[in-house]
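**Student:** What follows is query.txt, made up of compact mmCIF, C-alpha atoms:
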```
# COMPACT_ATOMS: atom_id res chain seq x y z
CA MET A 963 88.94 98.63 141.82
CA SER A 964 92.35 96.95 141.87
CA ARG A 965 95.52 98.83 140.95
CA ARG A 966 95.96 96.54 138.00
CA ARG A 967 92.69 97.78 136.55
CA ARG A 968 93.37 101.43 137.39
CA TRP A 969 96.83 101.65 135.80
CA PRO A 970 95.60 101.69 132.20
CA ARG A 971 93.33 104.62 133.05
CA THR A 972 96.02 106.77 134.60
CA SER A 973 97.05 109.87 132.70
CA PHE A 974 100.83 109.68 133.15
CA PRO A 975 102.91 108.36 130.24
CA LYS A 976 104.19 104.81 130.48
CA LEU A 977 107.23 103.27 128.83
CA VAL A 978 108.02 99.58 128.39
CA VAL A 979 111.52 98.74 127.16
CA THR A 980 113.25 95.46 126.37
CA GLY A 981 116.33 94.26 124.56
CA GLY A 982 114.92 91.52 122.39
CA GLY A 983 116.91 88.71 123.93
CA THR A 984 114.13 86.62 125.43
CA PRO A 985 110.99 85.89 123.40
CA GLY A 986 108.85 85.34 126.49
CA PHE A 987 109.82 88.71 127.91
CA GLU A 988 109.04 90.35 124.59
CA ASP A 989 105.57 88.82 124.61
CA VAL A 990 104.90 89.95 128.17
CA ALA A 991 106.26 93.44 127.45
CA GLY A 992 104.06 93.73 124.37
CA ALA A 993 100.97 92.70 126.31
CA LEU A 994 101.88 95.05 129.16
CA ALA A 995 102.41 97.99 126.81
CA GLU A 996 99.10 97.30 125.10
CA THR A 997 97.21 96.95 128.38
CA LEU A 998 98.73 100.13 129.82
CA SER A 999 98.59 102.14 126.58
CA ALA A 1000 102.34 102.49 127.01
CA LYS A 1001 105.00 103.33 124.49
CA ARG A 1002 106.88 100.16 123.59
CA VAL A 1003 110.58 100.40 122.71
CA LEU A 1004 112.84 97.56 121.67
CA PHE A 1005 116.61 98.00 121.87
CA PRO A 1006 117.87 95.10 119.75
CA GLY A 1007 121.11 93.57 120.88
CA SER A 1008 120.76 94.53 124.52
CA PRO A 1009 119.05 91.45 125.93
CA HIS A 1010 119.56 92.21 129.61
CA ALA A 1011 119.56 95.47 131.58
CA VAL A 1012 118.76 97.81 128.68
CA GLN A 1013 119.32 100.77 130.99
CA ARG A 1014 123.02 99.92 130.83
CA ILE A 1015 123.36 100.40 127.07
CA GLY A 1016 123.94 104.09 127.54
CA GLN A 1017 123.02 106.89 125.21
CA ARG A 1018 120.27 105.19 123.18
CA PHE A 1019 118.38 104.28 126.33
CA ASN A 1020 119.10 107.62 128.01
CA ASP A 1021 117.81 109.55 125.00
CA GLU A 1022 114.59 107.53 124.87
CA PHE A 1023 114.05 107.79 128.61
CA LEU A 1024 114.67 111.53 128.71
CA ALA A 1025 112.31 112.05 125.77
CA HIS A 1026 109.73 109.99 127.62
CA LEU A 1027 110.10 112.20 130.68
CA GLY A 1028 109.67 115.26 128.50
CA GLY A 1029 113.23 116.48 128.78
```
If you convert what's in this file into structure tokens, what do you get?

**Tutor:**
Amino acid sequence: MSRRRRWPRTSFPKLVVTGGGTPGFEDVAGALAETLSAKRVLFPGSPHAVQRIGQRFNDEFLAHLGG
């Protein structure tokens, strides 16, 4: 079985984040989150490199990691 087919069955939590700046990316991210049973988070107003927005991203990421 390919990795692509195994990923949705894995037990670790998955997180898909975007900034809302590019409709095509949002569509892909939504499909990816659905396929992987991932949590989907949109950070409006941060269209590129959402990890650079600071505290909002950090809080979400740390919560995702269980910390």

**Student:** Would you list the residues near (108.1, 109.5, 131.1) (no more than 8 Å away, in the coordinates of the file, using only C-alpha atoms) as a list in words?

**Tutor:**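 The answer, in the requested form, is Phe974, Pro975, Lys976, Leu977, Phe1023, Leu1024, Ala1025, His1026, Leu1027 and Gly1028 of chain A.
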
**Student:** Between A:Ala1000, A:Arg971, A:Val979, A:Gly1007, which one has atoms that come closest to Asn1020 of chain A, using all atoms listed in the file?

**Tutor:** A:Val979

**Student:** Which residues are near segment 986-995 of chain A? Cut-off 12 Å, only C-alpha atoms, ignore same chain within fewer than 3 positions. Put them as a PyMOL selection string.

**Tutor:** chain A and resi 966+969-970+975-983+998-1006+1009-1010

**Student:** Tell me, in Å to one decimal, how far atom CA of Arg1014 of chain A is from atom CA of Thr997 of chain A.

**Tutor:**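 Atom CA of Arg1014 of chain A sits 26.1 Å away from atom CA of Thr997 of chain A.
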
**Student:** Export all heavy atoms of segment 998-1012 of chain A from the structure just given, as an mmCIF file, in the first residue's frame?

**Tutor:**
```
data_model
loop_
_atom_site.group_PDB
_atom_site.id
_atom_site.type_symbol
_atom_site.label_atom_id
_atom_site.label_comp_id
_atom_site.auth_asym_id
_atom_site.auth_seq_id
_atom_site.Cartn_x
_atom_site.Cartn_y
_atom_site.Cartn_z
ATOM 1 N N LEU A 998 -7.019 13.254 5.223
ATOM 2 C CA LEU A 998 -6.180 12.802 6.330
ATOM 3 C C LEU A 998 -6.892 12.777 7.675
ATOM 4 O O LEU A 998 -6.295 12.428 8.683
ATOM 5 C CB LEU A 998 -4.951 13.705 6.454
ATOM 6 C CG LEU A 998 -3.979 13.702 5.294
ATOM 7 C CD1 LEU A 998 -2.866 14.705 5.546
ATOM 8 C CD2 LEU A 998 -3.423 12.313 5.058
ATOM 9 N N SER A 999 -8.157 13.190 7.694
ATOM 10 C CA SER A 999 -8.880 13.362 8.964
ATOM 11 C C SER A 999 -8.094 14.300 9.874
ATOM 12 O O SER A 999 -7.890 14.040 11.061
ATOM 13 C CB SER A 999 -9.118 12.021 9.648
ATOM 14 O OG SER A 999 -9.938 11.208 8.847
ATOM 15 N N ALA A 1000 -7.624 15.386 9.281
ATOM 16 C CA ALA A 1000 -6.800 16.359 10.000
ATOM 17 C C ALA A 1000 -7.649 17.519 10.491
ATOM 18 O O ALA A 1000 -8.703 17.819 9.945
ATOM 19 C CB ALA A 1000 -5.716 16.899 9.069
ATOM 20 N N LYS A 1001 -7.153 18.162 11.516
ATOM 21 C CA LYS A 1001 -7.763 19.416 11.957
ATOM 22 C C LYS A 1001 -7.379 20.481 10.946
ATOM 23 O O LYS A 1001 -6.224 20.587 10.537
ATOM 24 C CB LYS A 1001 -7.270 19.801 13.349
ATOM 25 C CG LYS A 1001 -7.910 21.078 13.848
ATOM 26 C CD LYS A 1001 -7.484 21.387 15.255
ATOM 27 C CE LYS A 1001 -8.190 22.655 15.738
ATOM 28 N NZ LYS A 1001 -7.786 23.016 17.090
ATOM 29 N N ARG A 1002 -8.339 21.283 10.561
ATOM 30 C CA ARG A 1002 -8.121 22.338 9.564
ATOM 31 C C ARG A 1002 -8.247 23.681 10.251
ATOM 32 O O ARG A 1002 -9.258 23.962 10.895
ATOM 33 C CB ARG A 1002 -9.175 22.181 8.466
ATOM 34 C CG ARG A 1002 -9.202 23.273 7.442
ATOM 35 C CD ARG A 1002 -8.080 23.059 6.432
ATOM 36 N NE ARG A 1002 -8.238 23.982 5.339
ATOM 37 C CZ ARG A 1002 -7.688 25.182 5.299
ATOM 38 N NH1 ARG A 1002 -6.949 25.620 6.301
ATOM 39 N NH2 ARG A 1002 -7.856 25.961 4.254
ATOM 40 N N VAL A 1003 -7.220 24.520 10.146
ATOM 41 C CA VAL A 1003 -7.242 25.838 10.784
ATOM 42 C C VAL A 1003 -6.901 26.898 9.747
ATOM 43 O O VAL A 1003 -5.904 26.784 9.031
ATOM 44 C CB VAL A 1003 -6.250 25.921 11.963
ATOM 45 C CG1 VAL A 1003 -6.281 27.297 12.598
ATOM 46 C CG2 VAL A 1003 -6.544 24.849 12.993
ATOM 47 N N LEU A 1004 -7.723 27.911 9.701
ATOM 48 C CA LEU A 1004 -7.518 29.050 8.816
ATOM 49 C C LEU A 1004 -7.154 30.262 9.667
ATOM 50 O O LEU A 1004 -7.853 30.581 10.628
ATOM 51 C CB LEU A 1004 -8.794 29.338 8.022
ATOM 52 C CG LEU A 1004 -8.818 30.594 7.175
ATOM 53 C CD1 LEU A 1004 -7.793 30.519 6.058
ATOM 54 C CD2 LEU A 1004 -10.210 30.794 6.601
ATOM 55 N N PHE A 1005 -6.050 30.902 9.332
ATOM 56 C CA PHE A 1005 -5.625 32.130 9.996
ATOM 57 C C PHE A 1005 -5.829 33.273 9.012
ATOM 58 O O PHE A 1005 -4.907 33.632 8.263
ATOM 59 C CB PHE A 1005 -4.149 32.051 10.408
ATOM 60 C CG PHE A 1005 -3.872 31.051 11.480
ATOM 61 C CD1 PHE A 1005 -3.343 29.809 11.174
ATOM 62 C CD2 PHE A 1005 -4.141 31.345 12.806
ATOM 63 C CE1 PHE A 1005 -3.076 28.884 12.155
ATOM 64 C CE2 PHE A 1005 -3.876 30.420 13.809
ATOM 65 C CZ PHE A 1005 -3.353 29.187 13.479
ATOM 66 N N PRO A 1006 -7.023 33.849 8.973
ATOM 67 C CA PRO A 1006 -7.302 34.908 8.008
ATOM 68 C C PRO A 1006 -6.314 36.067 8.134
ATOM 69 O O PRO A 1006 -5.912 36.437 9.236
ATOM 70 C CB PRO A 1006 -8.715 35.370 8.371
ATOM 71 C CG PRO A 1006 -9.298 34.256 9.167
ATOM 72 C CD PRO A 1006 -8.150 33.603 9.860
ATOM 73 N N GLY A 1007 -5.940 36.591 6.995
ATOM 74 C CA GLY A 1007 -5.056 37.745 6.983
ATOM 75 C C GLY A 1007 -3.577 37.401 7.036
ATOM 76 O O GLY A 1007 -2.743 38.292 7.153
ATOM 77 N N SER A 1008 -3.268 36.137 6.976
ATOM 78 C CA SER A 1008 -1.857 35.728 6.961
ATOM 79 C C SER A 1008 -1.644 34.817 5.753
ATOM 80 O O SER A 1008 -1.472 33.617 5.898
ATOM 81 C CB SER A 1008 -1.495 35.015 8.254
ATOM 82 O OG SER A 1008 -2.339 33.917 8.472
ATOM 83 N N PRO A 1009 -1.690 35.398 4.562
ATOM 84 C CA PRO A 1009 -1.726 34.590 3.346
ATOM 85 C C PRO A 1009 -0.477 33.770 3.051
ATOM 86 O O PRO A 1009 -0.540 32.812 2.308
ATOM 87 C CB PRO A 1009 -1.963 35.603 2.239
ATOM 88 C CG PRO A 1009 -1.463 36.882 2.784
ATOM 89 C CD PRO A 1009 -1.716 36.823 4.263
ATOM 90 N N HIS A 1010 0.639 34.110 3.623
ATOM 91 C CA HIS A 1010 1.857 33.366 3.317
ATOM 92 C C HIS A 1010 2.645 33.154 4.606
ATOM 93 O O HIS A 1010 2.763 34.062 5.423
ATOM 94 C CB HIS A 1010 2.712 34.137 2.303
ATOM 95 C CG HIS A 1010 3.893 33.362 1.819
ATOM 96 N ND1 HIS A 1010 3.767 32.282 0.995
ATOM 97 C CD2 HIS A 1010 5.202 33.504 2.080
ATOM 98 C CE1 HIS A 1010 4.980 31.794 0.749
ATOM 99 N NE2 HIS A 1010 5.866 32.517 1.399
ATOM 100 N N ALA A 1011 3.159 31.959 4.788
ATOM 101 C CA ALA A 1011 4.000 31.633 5.945
ATOM 102 C C ALA A 1011 3.277 31.881 7.270
ATOM 103 O O ALA A 1011 3.718 32.654 8.109
ATOM 104 C CB ALA A 1011 5.320 32.401 5.891
ATOM 105 N N VAL A 1012 2.154 31.183 7.454
ATOM 106 C CA VAL A 1012 1.361 31.392 8.672
ATOM 107 C C VAL A 1012 2.160 31.146 9.949
ATOM 108 O O VAL A 1012 1.834 31.701 10.995
ATOM 109 C CB VAL A 1012 0.074 30.537 8.691
ATOM 110 C CG1 VAL A 1012 -0.866 30.964 7.599
ATOM 111 C CG2 VAL A 1012 0.371 29.063 8.599
#
```
